>>> print(open('work_12.txt').read())   # compact mmCIF, C-alpha atoms
# COMPACT_ATOMS: atom_id res chain seq x y z
CA ARG A 1 -18.72 37.93 75.25
CA LYS A 2 -22.02 37.47 73.48
CA ILE A 3 -21.98 38.51 69.79
CA ILE A 4 -25.29 39.57 68.24
CA PHE A 5 -25.30 39.76 64.44
CA GLU A 6 -28.46 40.04 62.37
CA LYS A 7 -30.84 37.59 64.10
CA GLN A 8 -28.07 35.30 65.37
CA TRP A 9 -26.28 35.33 68.70
CA PHE A 10 -23.20 33.27 69.49
CA TYR A 11 -19.87 33.12 71.32
CA LEU A 12 -16.56 33.23 69.43
CA ASP A 13 -14.58 31.07 71.88
CA ASN A 14 -14.55 28.00 69.63
CA ALA A 15 -13.49 30.06 66.59
CA ILE A 16 -10.07 30.88 68.06
CA GLY A 17 -7.35 28.95 66.25
CA HIS A 18 -9.25 28.42 63.00
CA ILE A 19 -8.21 30.10 59.76
CA TYR A 20 -10.17 32.97 58.19
CA GLY A 21 -12.88 31.80 55.83
CA THR A 22 -13.96 28.87 58.03
CA THR A 23 -17.71 28.25 58.06
CA PHE A 24 -19.30 27.51 61.43
CA GLU A 25 -22.68 26.23 62.48
CA VAL A 26 -24.34 27.84 65.50
CA THR A 27 -25.43 25.08 67.88
CA SER A 28 -27.61 25.27 70.96
CA GLY A 29 -26.24 27.66 73.57
CA GLY A 30 -24.61 29.89 70.95
CA ASN A 31 -21.51 27.71 70.53
CA LEU A 32 -19.75 27.50 67.17
CA GLN A 33 -18.89 24.21 65.53
CA PRO A 34 -17.00 23.94 62.21
CA LYS A 35 -19.47 22.86 59.54
CA GLN A 36 -18.72 19.56 57.90
CA GLU A 37 -18.62 19.66 54.13
CA VAL A 38 -21.38 17.39 52.83
CA GLU A 39 -21.25 16.37 49.21
CA GLU A 40 -24.54 17.09 47.54
CA THR A 41 -25.83 14.00 45.82
CA PRO A 42 -27.12 14.68 42.32
CA THR A 43 -30.90 14.63 42.53
CA ASP A 44 -33.36 13.79 39.81
CA THR A 45 -34.70 16.50 37.60
CA LYS A 46 -36.89 18.83 39.63
CA GLU A 47 -40.55 19.13 38.98
CA ALA A 48 -41.02 22.77 38.00
CA GLY A 49 -43.60 24.90 36.28
CA THR A 50 -43.24 26.92 33.13
CA ASP A 51 -44.14 30.33 34.60
CA ASN A 52 -45.36 32.01 37.79
CA ARG A 53 -48.39 33.82 36.42
CA ASN A 54 -50.95 31.62 38.21
CA ILE A 55 -49.28 31.77 41.63
CA VAL A 56 -51.03 34.07 44.09
CA ASP A 57 -49.20 35.19 47.23
CA ASP A 58 -52.12 35.01 49.68
CA GLY A 59 -50.20 33.49 52.61
CA ARG A 60 -52.07 30.16 52.42
CA SER A 61 -49.56 28.17 50.39
CA GLN A 62 -47.56 27.03 53.49
CA ARG A 63 -49.22 24.39 55.65
CA LEU A 64 -46.67 24.73 58.49
CA THR A 65 -47.52 27.46 61.00
CA HIS A 66 -45.15 29.56 63.10
CA ASP A 67 -45.88 27.34 66.11
CA ASP A 68 -44.96 24.25 64.13
CA ILE A 69 -41.65 25.76 63.02
CA LYS A 70 -40.90 26.87 66.59
CA ALA A 71 -41.64 23.35 67.85
CA LEU A 72 -39.19 21.95 65.28
CA LYS A 73 -36.50 24.35 66.48
CA ASP A 74 -37.13 23.43 70.12
CA LYS A 75 -36.66 19.74 69.27
CA GLY A 76 -33.16 20.59 68.00
CA ILE A 77 -33.85 19.86 64.34
CA LYS A 78 -31.25 21.45 62.07
CA GLY A 79 -32.04 24.25 59.66
CA GLN A 80 -31.49 22.07 56.60
CA GLU A 81 -34.25 19.68 57.70
CA ILE A 82 -36.58 22.59 58.50
CA VAL A 83 -36.07 23.96 54.98
CA GLN A 84 -36.84 20.53 53.52
CA GLN A 85 -40.10 20.31 55.48
CA LEU A 86 -41.05 23.82 54.34
CA ILE A 87 -40.57 22.73 50.73
CA GLU A 88 -42.64 19.59 51.23
CA ASN A 89 -45.49 21.49 52.91
CA SER A 90 -45.63 24.25 50.27
CA THR A 91 -48.54 23.86 47.89
CA THR A 92 -47.13 26.19 45.23
CA PHE A 93 -43.45 25.09 45.22
CA ARG A 94 -43.84 22.64 42.33
CA ASP A 95 -45.72 25.18 40.23
CA LYS A 96 -42.84 27.69 40.40
CA THR A 97 -40.17 27.92 37.75
CA GLU A 98 -36.74 26.42 38.38
CA PHE A 99 -35.25 29.86 39.01
CA ALA A 100 -38.04 30.75 41.46
CA GLN A 101 -37.50 27.46 43.32
CA ASP A 102 -33.78 28.16 43.73
CA LYS A 103 -34.58 31.64 44.97
CA TYR A 104 -37.10 30.25 47.49
CA ILE A 105 -34.61 27.68 48.83
CA LYS A 106 -31.87 30.28 49.14
CA LYS A 107 -34.18 32.64 51.04
CA LYS A 108 -35.32 29.94 53.49
CA LYS A 109 -31.77 28.73 54.07
CA LYS A 110 -30.67 32.22 55.00
CA LYS A 111 -33.54 32.48 57.47
CA TYR A 112 -33.40 29.07 59.18
CA GLU A 113 -29.86 27.76 58.73
CA ALA A 114 -27.64 29.15 61.52
CA VAL A 115 -24.41 29.21 59.51
CA ILE A 116 -21.77 31.95 59.63
CA THR A 117 -18.41 32.45 57.93
CA ILE A 118 -15.66 34.48 59.59
CA VAL A 119 -13.67 36.48 57.04
CA LYS A 120 -10.59 38.63 57.40
CA PRO A 121 -11.45 42.35 57.67
CA SER A 122 -10.53 44.51 54.71
CA THR A 123 -11.32 47.94 53.32
CA ARG A 124 -13.84 46.55 50.84
CA ILE A 125 -15.74 44.51 53.44
CA LEU A 126 -15.85 47.28 56.05
CA SER A 127 -16.81 50.02 53.60
CA THR A 128 -19.57 47.83 52.13
CA MET A 129 -20.86 47.04 55.62
CA TYR A 130 -20.85 50.67 56.77
CA TYR A 131 -22.52 51.89 53.57
CA ALA A 132 -25.26 49.25 53.83
CA ARG A 133 -25.96 49.54 57.57
CA GLU A 134 -24.81 52.95 58.84
CA PRO A 135 -24.08 55.26 55.86
CA GLY A 136 -24.54 58.41 57.96
CA LYS A 137 -21.46 57.59 60.05
CA ILE A 138 -19.22 57.65 56.96
CA ASN A 139 -20.91 60.63 55.25
CA HIS A 140 -22.47 58.26 52.66
CA LEU A 141 -19.03 57.43 51.26
CA ARG A 142 -19.53 54.53 48.85
CA TYR A 143 -16.85 51.87 48.52
CA ASP A 144 -16.09 52.60 44.86
CA THR A 145 -15.65 56.30 45.71
CA LEU A 146 -13.22 55.34 48.46
CA ALA A 147 -11.26 53.26 45.94
CA GLN A 148 -11.10 56.30 43.63
CA MET A 149 -9.78 58.42 46.51
CA LEU A 150 -6.93 55.98 47.22
CA THR A 151 -6.02 55.92 43.52
CA LEU A 152 -6.21 59.67 42.89
CA GLY A 153 -4.30 60.36 46.13
CA ASN A 154 -1.47 58.02 45.03
CA ILE A 155 -1.52 56.22 48.37
CA ARG A 156 1.40 53.78 48.53
CA ALA A 157 4.02 52.47 50.92
CA GLY A 158 6.62 55.03 52.03
CA ASN A 159 4.36 58.06 51.60
CA LYS A 160 3.97 60.91 54.04
CA THR A 161 0.21 61.44 53.88
CA ILE A 162 -2.10 63.93 55.57
CA VAL A 163 -5.62 62.63 56.29
CA MET A 164 -8.48 64.78 57.53
CA GLU A 165 -11.70 62.78 57.84
CA THR A 166 -14.88 62.46 59.87
CA CYS A 167 -15.88 59.02 58.56
CA ALA A 168 -15.42 57.10 61.85
CA GLY A 169 -11.84 56.24 60.84
CA LEU A 170 -12.76 54.29 57.69
CA VAL A 171 -10.67 56.46 55.33
CA LEU A 172 -7.75 56.39 57.77
CA GLY A 173 -7.94 52.59 57.98
CA ALA A 174 -8.03 52.31 54.18
CA VAL A 175 -4.91 54.48 53.89
CA MET A 176 -3.12 52.47 56.59
CA GLU A 177 -3.98 49.20 54.86
CA ARG A 178 -2.72 50.48 51.49
CA MET A 179 0.56 51.75 53.01
CA GLY A 180 1.18 48.50 54.88
CA GLY A 181 2.91 50.08 57.87
CA TYR A 182 5.58 51.88 55.79
CA GLY A 183 5.69 55.67 55.69
CA SER A 184 3.98 58.14 58.00
CA ILE A 185 0.37 59.31 58.34
CA ILE A 186 -0.69 62.57 59.99
CA GLN A 187 -4.35 62.57 61.01
CA LEU A 188 -5.98 65.94 61.59
CA TYR A 189 -9.04 65.78 63.81
CA PRO A 190 -11.72 68.23 64.97
CA GLY A 191 -12.84 68.35 68.58
CA GLY A 192 -11.14 66.80 71.57
CA GLY A 193 -9.64 63.72 69.93
CA PRO A 194 -9.63 61.50 66.82
CA VAL A 195 -12.46 59.00 66.21
CA ARG A 196 -11.14 55.61 65.08
CA ALA A 197 -14.06 53.22 65.53
CA ALA A 198 -13.71 51.75 62.03
CA THR A 199 -9.90 51.76 62.18
CA SER A 200 -9.94 49.43 65.18
CA CYS A 201 -12.04 46.93 63.19
CA PHE A 202 -9.18 46.32 60.74
CA GLY A 203 -7.12 44.52 63.39
CA PHE A 204 -3.84 46.21 62.46
CA PRO A 205 -0.69 45.18 64.38
CA LYS A 206 1.05 47.67 66.68
CA LEU A 207 3.64 48.38 63.97
CA PHE A 208 1.00 50.17 61.89
CA PHE A 209 0.26 52.62 64.70
CA ASP A 210 3.91 53.51 65.37
CA ASN A 211 4.00 55.82 62.34
CA LEU A 212 0.51 57.28 62.91
CA HIS A 213 0.52 60.86 64.21
CA GLU A 214 -2.38 63.09 65.19
CA PHE A 215 -2.79 66.85 65.28
CA PRO A 216 -5.81 69.02 66.21
CA LEU A 217 -7.40 70.94 63.35
CA SER A 218 -7.89 73.96 65.59
CA LYS A 219 -4.10 74.55 65.84
CA VAL A 220 -3.36 74.52 62.10
CA GLU A 221 -3.72 78.30 61.74
CA SER A 222 -1.37 78.97 64.65
CA LEU A 223 1.16 76.54 63.16
CA LEU A 224 1.07 78.35 59.82
CA SER A 225 1.38 81.79 61.43
CA GLY A 226 4.27 80.67 63.62
CA THR A 227 2.49 81.26 66.93
CA PHE A 228 2.00 77.59 67.75
CA SER A 229 3.26 76.60 71.17
CA THR A 230 2.43 74.02 73.82
CA GLU A 231 2.78 74.32 77.56
CA THR A 232 6.35 74.27 78.85
CA LEU A 233 7.61 70.73 78.77
CA PRO A 234 9.57 69.45 81.77
CA SER A 235 12.91 67.83 81.05
CA GLU A 236 11.51 64.59 82.49
CA PRO A 237 7.98 63.73 83.52
CA GLU A 238 9.16 62.81 87.05
CA ASP A 239 10.35 66.33 87.93
CA ASN A 240 6.99 67.75 88.91
CA ILE A 241 5.98 64.51 90.58
CA LEU A 242 9.02 64.56 92.89
CA VAL A 243 8.23 68.13 93.93
CA GLU A 244 4.64 67.17 94.70
CA GLU A 245 5.77 64.11 96.66
CA GLU A 246 8.14 66.24 98.73
CA SER A 247 5.41 68.76 99.49
CA ASN A 248 3.06 65.92 100.40
CA GLY A 249 5.75 64.49 102.69
CA LEU A 250 6.20 67.85 104.46
CA ALA A 251 2.47 68.12 104.92
CA THR A 252 2.25 64.66 106.46
CA GLU A 253 5.17 65.46 108.79
CA LYS A 254 3.41 68.61 109.98
CA GLN A 255 0.23 66.70 110.58
CA THR A 256 2.05 64.05 112.60
CA SER A 257 3.86 66.70 114.67
CA LEU A 258 0.53 68.39 115.47
CA GLN A 259 -1.05 65.09 116.37
CA GLU A 260 1.76 64.05 118.75
CA PRO A 261 0.52 65.98 121.89
CA GLU A 262 -3.00 64.75 121.30
CA GLU A 263 -1.79 61.15 120.98
CA GLU A 264 0.22 61.45 124.23
CA SER A 265 -2.80 62.72 126.18
CA ALA A 266 -4.97 59.98 124.65
CA ALA A 267 -2.37 57.37 125.65
CA GLU A 268 -2.34 58.59 129.27
CA ALA A 269 -6.11 58.40 129.43
CA ALA A 270 -6.07 54.92 127.94
CA MET A 271 -3.64 53.66 130.61
CA GLU A 272 -6.34 54.12 133.20
CA ASN A 273 -8.75 51.82 131.35
CA ASN A 274 -8.70 48.02 131.13
CA GLN A 275 -5.98 46.17 129.18
CA PRO A 276 -8.29 44.52 126.52
CA GLU A 277 -9.76 47.88 125.51
CA GLU A 278 -6.22 49.22 125.04
CA GLN A 279 -5.38 46.30 122.78
CA ASP A 280 -8.48 46.89 120.63
CA SER A 281 -7.72 50.58 120.21
CA MET A 282 -4.14 49.79 119.16
CA ASP A 283 -5.40 47.36 116.51
CA MET A 284 -7.86 49.93 115.16
CA SER A 285 -5.20 52.64 114.96
CA ALA A 286 -2.84 50.29 113.10
CA GLU A 287 -5.54 49.46 110.53
CA ASP A 288 -6.35 53.15 110.06
CA ALA A 289 -2.69 53.98 109.52
CA GLU A 290 -2.32 51.19 106.98
CA PHE A 291 -5.47 52.32 105.15
CA LYS A 292 -4.23 55.93 105.02
CA GLU A 293 -0.84 54.78 103.76
CA ASN A 294 -2.43 52.73 100.94
CA LYS A 295 -4.69 55.64 100.04
CA GLU A 296 -1.73 58.02 99.79
CA LYS A 297 0.13 55.54 97.59
CA GLU A 298 -2.84 55.28 95.22
CA ILE A 299 -3.13 59.08 94.99
CA LYS A 300 0.60 59.40 94.24
CA GLU A 301 0.43 56.71 91.55
CA ASN A 302 -2.58 58.38 89.93
CA VAL A 303 -0.81 61.75 89.92
CA ARG A 304 2.34 60.20 88.48
CA GLU A 305 0.36 58.43 85.72
CA LYS A 306 -1.55 61.61 84.88
CA HIS A 307 1.66 63.65 84.55
CA ARG A 308 3.28 60.95 82.46
CA LYS A 309 0.34 60.87 79.99
CA GLN A 310 0.30 64.68 79.73
CA TRP A 311 4.03 64.75 79.07
CA GLU A 312 3.75 62.06 76.36
CA ARG A 313 0.80 63.86 74.73
CA ARG A 314 2.69 67.16 74.56
CA LYS A 315 5.80 65.44 73.25
CA LYS A 316 3.83 63.74 70.44
CA LEU A 317 2.12 67.03 69.61
CA ILE A 318 5.48 68.79 69.19
CA GLU A 319 6.80 65.92 67.02
CA THR A 320 3.72 66.08 64.78
CA ALA A 321 3.99 69.86 64.51
CA ALA A 322 7.60 69.44 63.40
CA LEU A 323 6.54 66.91 60.74
CA LEU A 324 3.88 69.27 59.41
CA GLY A 325 6.27 72.22 59.58
CA GLU A 326 8.54 70.54 57.04
CA LYS A 327 5.79 71.14 54.43
CA ASN A 328 6.82 68.17 52.34
CA ALA A 329 3.80 65.88 52.54
CA ASP A 330 3.32 63.52 49.59
CA GLY A 331 -0.46 63.73 49.52
CA LEU A 332 -3.60 65.06 51.15
CA ILE A 333 -7.00 63.40 51.59
CA VAL A 334 -10.00 65.29 52.99
CA ALA A 335 -13.33 63.56 53.65
CA SER A 336 -15.28 65.47 56.28
CA LYS A 337 -18.74 66.74 57.07
CA PHE A 338 -17.46 70.34 57.06
CA HIS A 339 -17.34 72.74 54.13
CA PRO A 340 -14.21 71.76 52.19
CA THR A 341 -12.90 75.25 51.34
CA PRO A 342 -11.77 76.47 54.81
CA VAL A 343 -10.37 73.00 55.53
CA LEU A 344 -8.49 72.42 52.28
CA LEU A 345 -6.82 75.80 51.69
CA PRO A 346 -4.72 75.85 54.91
CA LEU A 347 -3.79 72.17 54.61
CA LEU A 348 -2.45 72.62 51.07
CA GLU A 349 0.38 74.68 52.60
CA PHE A 350 1.82 71.49 54.10
CA VAL A 351 1.88 69.57 50.78
CA ALA A 352 5.00 69.56 48.62
CA PRO A 353 4.79 70.65 44.95
CA SER A 354 3.76 68.10 42.30
CA ARG A 355 1.76 66.08 44.81
CA PRO A 356 -1.89 64.98 44.52
CA PHE A 357 -4.78 65.94 46.78
CA VAL A 358 -8.35 64.60 46.93
CA VAL A 359 -11.43 66.09 48.60
CA TYR A 360 -14.65 64.16 49.12
CA CYS A 361 -18.07 65.66 49.75
CA GLN A 362 -21.52 64.14 49.69
CA TYR A 363 -22.86 67.13 47.74
CA LYS A 364 -21.63 68.86 44.60
CA GLU A 365 -22.22 72.53 45.51
CA PRO A 366 -19.54 72.84 48.25
CA LEU A 367 -16.96 71.32 45.91
CA LEU A 368 -17.93 73.77 43.14
CA ASP A 369 -17.27 76.62 45.57
CA CYS A 370 -13.95 75.03 46.53
CA TYR A 371 -13.06 74.59 42.83
CA THR A 372 -13.64 78.30 42.20
CA LYS A 373 -11.56 79.35 45.22
CA LEU A 374 -8.66 77.13 44.14
CA ARG A 375 -8.70 78.59 40.63
CA GLU A 376 -8.55 82.11 42.07
CA ARG A 377 -5.80 81.20 44.54
CA GLY A 378 -3.58 79.33 42.09
CA GLY A 379 -0.89 76.84 43.03
CA VAL A 380 -2.85 73.87 41.68
CA VAL A 381 -3.25 72.26 38.26
CA ASN A 382 -5.33 69.48 36.73
CA LEU A 383 -8.39 70.27 38.82
CA LYS A 384 -11.19 67.75 38.29
CA LEU A 385 -14.61 67.43 39.81
CA SER A 386 -15.99 63.91 39.27
CA GLU A 387 -18.71 61.51 40.34
CA THR A 388 -18.33 57.75 40.12
CA TRP A 389 -21.23 55.68 38.82
CA LEU A 390 -21.86 52.17 40.09
CA ARG A 391 -24.19 49.38 38.99
CA ASN A 392 -24.32 45.94 40.57
CA TYR A 393 -24.83 42.84 38.44
CA GLN A 394 -26.22 39.46 39.40
CA VAL A 395 -24.05 36.80 37.79
CA LEU A 396 -25.76 33.38 37.79
CA PRO A 397 -26.19 30.71 35.10
CA ASP A 398 -28.81 31.78 32.55
CA ARG A 399 -29.90 34.78 34.66
CA SER A 400 -27.11 37.39 34.71
CA HIS A 401 -28.57 40.87 34.68
CA PRO A 402 -28.21 44.27 36.40
CA LYS A 403 -29.84 44.34 39.80
CA LEU A 404 -33.12 46.19 40.02
CA THR A 405 -31.99 48.36 42.93
CA MET A 406 -28.85 50.45 42.59
CA SER A 407 -27.25 53.28 44.51
CA GLY A 408 -28.45 56.76 43.62
CA GLY A 409 -25.14 58.45 44.29
CA GLY A 410 -21.86 57.89 46.07
CA GLY A 411 -20.71 61.47 46.53
CA TYR A 412 -18.33 63.71 44.58
CA LEU A 413 -14.55 64.05 44.39
CA LEU A 414 -12.38 67.10 43.72
CA SER A 415 -8.83 66.17 42.81
CA GLY A 416 -5.79 68.05 41.60
CA THR A 417 -2.02 68.44 41.76
CA THR A 418 -0.06 71.08 43.67
CA VAL A 419 2.54 73.33 42.03
CA VAL A 420 4.82 76.05 43.34
CA LEU A 421 2.85 79.19 44.12
CA GLU A 422 4.92 82.35 43.54
CA LYS A 423 3.54 85.36 45.34
CA SER A 424 4.99 88.54 43.77
CA LYS A 425 3.75 92.06 43.40
CA SER A 426 3.53 91.81 39.65
CA ASP A 427 1.33 88.75 39.91
CA CYS A 428 -0.93 90.49 42.38
CA SER A 429 -1.26 93.58 40.18
CA ASN A 430 -1.91 91.47 37.08
CA SER A 431 -4.56 89.45 38.86
CA GLU A 432 -6.31 92.62 40.02
CA ALA A 433 -6.24 94.00 36.47
CA LEU A 434 -7.61 90.77 35.07
CA LYS A 435 -10.51 90.83 37.49
CA MET A 436 -11.49 94.30 36.27
CA GLU A 437 -11.16 93.43 32.58
CA GLU A 438 -12.62 90.75 30.37
CA PRO A 439 -11.91 87.03 30.95
CA SER A 440 -8.38 85.97 30.04
CA SER A 441 -9.50 83.67 27.23
CA LYS A 442 -11.37 86.46 25.38
CA ARG A 443 -8.57 88.97 25.97
CA CYS A 444 -5.96 86.62 24.48
CA LYS A 445 -8.04 86.12 21.37
CA VAL A 446 -8.36 89.86 20.84
CA GLN A 447 -4.60 90.36 21.22
CA ASP A 448 -3.84 87.57 18.74
CA PHE A 449 -6.22 89.09 16.25
CA HIS A 450 -4.62 92.55 16.46
CA CYS A 451 -1.16 91.10 16.04
>>> encode(input="work_12.txt", output="structure tokens")
Amino acid sequence: RKIIFEKQWFYLDNAIGHIYGTTFEVTSGGNLQPKQEVEETPTDTKEAGTDNRNIVDDGRSQRLTHDDIKALKDKGIKGQEIVQQLIENSTTFRDKTEFAQDKYIKKKKKKYEAVITIVKPSTRILSTMYYAREPGKINHLRYDTLAQMLTLGNIRAGNKTIVMETCAGLVLGAVMERMGGYGSIIQLYPGGGPVRAATSCFGFPKLFFDNLHEFPLSKVESLLSGTFSTETLPSEPEDNILVEEESNGLATEKQTSLQEPEEESAAEAAMENNQPEEQDSMDMSAEDAEFKENKEKEIKENVREKHRKQWERRKKLIETAALLGEKNADGLIVASKFHPTPVLLPLLEFVAPSRPFVVYCQYKEPLLDCYTKLRERGGVVNLKLSETWLRNYQVLPDRSHPKLTMSGGGGYLLSGTTVVLEKSKSDCSNSEALKMEEPSSKRCKVQDFHC
């Protein structure tokens, strides 16, 4: 199919069989050809100016017009030659500094040279791409923040991890890549089904999806309260189908028995007519019967496939519920557009003690509320609310410096570790008394002083 990327369009047929990292040149017709490596001959020292203060960007420095450049493209002239002609027809190129000349050449090459490099998908590449092009789909989750989440969540091979995200499957794909197909992942999703647009871009093998389970977020409360149940599962998915087929067979038999007298009377009437007309009617009836038979087969196959999918879906749902019911998950990651408090508190019940959890939110205020609720609830230690700070640097000879534009914020993270939560009457009474009295820190100081 036709691939459209930036201002280029091409077909990937010729790229099949080449290794990742191969650079291709887009030829006429959108076909890809591997680019031949050309050794750059050392040129003489460039003629460059000392500064750019006298250069005025009035749009008159380039003698080539848009029509001239279009005519060059139509002739089939390569991008490298077009860039060379642009340099020769620029009246201000020689007055620019050496750095400005390199910048000009790089900019024109990017615009006119139809060269692409196919790289292997990874978490860093996909997260950078999503954050630069469609940050709203991933809740403005920056790539360095995602790296912090994987580290604070202790994501590693062999884990049993719970992931609840609404970032188009980017966080799920990052966790799957880090685990390498070992361990199990339980994805909790809102709505009718999980969204895995970004996960499919990783190109994981089927092995990675064998240990991926999914569970609806709306059934978490019923699972915790013990009222979770699915529809009654048949022993085999074919049971109901056989019953339906038998009933369909009885119905067809009844229809044929009712149609028999009519067919006999029609046959008697047809005997009186000419022989060719009788032959035509027999052919038509045979075609109709064959068409009806094919139609019935298609309906039966569709019903059988539908029942089989329903049975498999219910079976997987029960298996996932059993995994969650063990309440021994090794970690929890939450990165959703919803308020974190009502999402996090029920899910912490499925995490084993001494295990990490991480919550991402684009804004700080919801996480502050969640932090307060966790402190009141107990069962967690080492609570931290953090924000990662990122600055990009340009690293080039004699001109390494921080880039002028940098990200304003990449979101906030709330992390902590679970501990055993003992719910006893004494604890409840003490907590109620503490709420009525002074803060615990001040009360302890007063007691120490009296002692």
>>> closest_residue(input="work_12.txt", among="A:Val358, A:Leu188, A:Cys370, A:Val195", to="A:Ala147", atoms="all atoms listed in the file")
A:Val358
>>> residues_around(input="work_12.txt", residues="A:Leu368", least_positions_apart="2", cutoff="12 Å", atoms="all atoms listed in the file", output="list in words")
His339, Pro340, Thr341, Val359, Tyr360, Cys361, Tyr363, Lys364, Glu365, Pro366, Cys370, Tyr371, Thr372, Lys373, Leu374, Arg375, Leu383, Lys384, Leu385, Ser386, Tyr412, Leu413, Leu414 and Ser415 of chain A
>>> atom_distance(input="work_12.txt", atom1="atom CA of A:Phe209", atom2="atom CA of A:Ile185")
9.2 Å
>>> atom_distance(input="work_12.txt", atom1="atom CA of A:Gly378", atom2="atom CA of A:Glu349")
12.2 Å
>>> residues_around(input="work_12.txt", residues="stretch 63-73 of chain A", least_positions_apart="4", cutoff="8 Å", atoms="only C-alpha atoms", output="ChimeraX atom specification")
/A:77-78,82,86,89-91
>>> residues_around(input="work_12.txt", residues="A:Arg178", least_positions_apart="5", cutoff="12 Å", atoms="all atoms listed in the file", output="tab-separated table (two decimals) with C-alpha atoms, in the coordinates of the input")
chain	number	residue	atom	x	y	z
A	122	SER	CA	-10.53	44.51	54.71
A	123	THR	CA	-11.32	47.94	53.32
A	124	ARG	CA	-13.84	46.55	50.84
A	146	LEU	CA	-13.22	55.34	48.46
A	147	ALA	CA	-11.26	53.26	45.94
A	149	MET	CA	-9.78	58.42	46.51
A	150	LEU	CA	-6.93	55.98	47.22
A	151	THR	CA	-6.02	55.92	43.52
A	153	GLY	CA	-4.30	60.36	46.13
A	154	ASN	CA	-1.47	58.02	45.03
A	155	ILE	CA	-1.52	56.22	48.37
A	156	ARG	CA	1.40	53.78	48.53
A	157	ALA	CA	4.02	52.47	50.92
A	158	GLY	CA	6.62	55.03	52.03
A	159	ASN	CA	4.36	58.06	51.60
A	161	THR	CA	0.21	61.44	53.88
A	171	VAL	CA	-10.67	56.46	55.33
A	172	LEU	CA	-7.75	56.39	57.77
A	173	GLY	CA	-7.94	52.59	57.98
A	183	GLY	CA	5.69	55.67	55.69
A	185	ILE	CA	0.37	59.31	58.34
A	204	PHE	CA	-3.84	46.21	62.46
A	208	PHE	CA	1.00	50.17	61.89
>>> atom_distance(input="work_12.txt", atom1="atom CA of A:Gly226", atom2="atom CA of A:Ala329")
18.5 Å
>>> closest_residue(input="work_12.txt", among="A:Gly192, A:Gly408, A:Gly416, A:Pro346", to="A:Val380", atoms="all atoms listed in the file")
A:Gly416
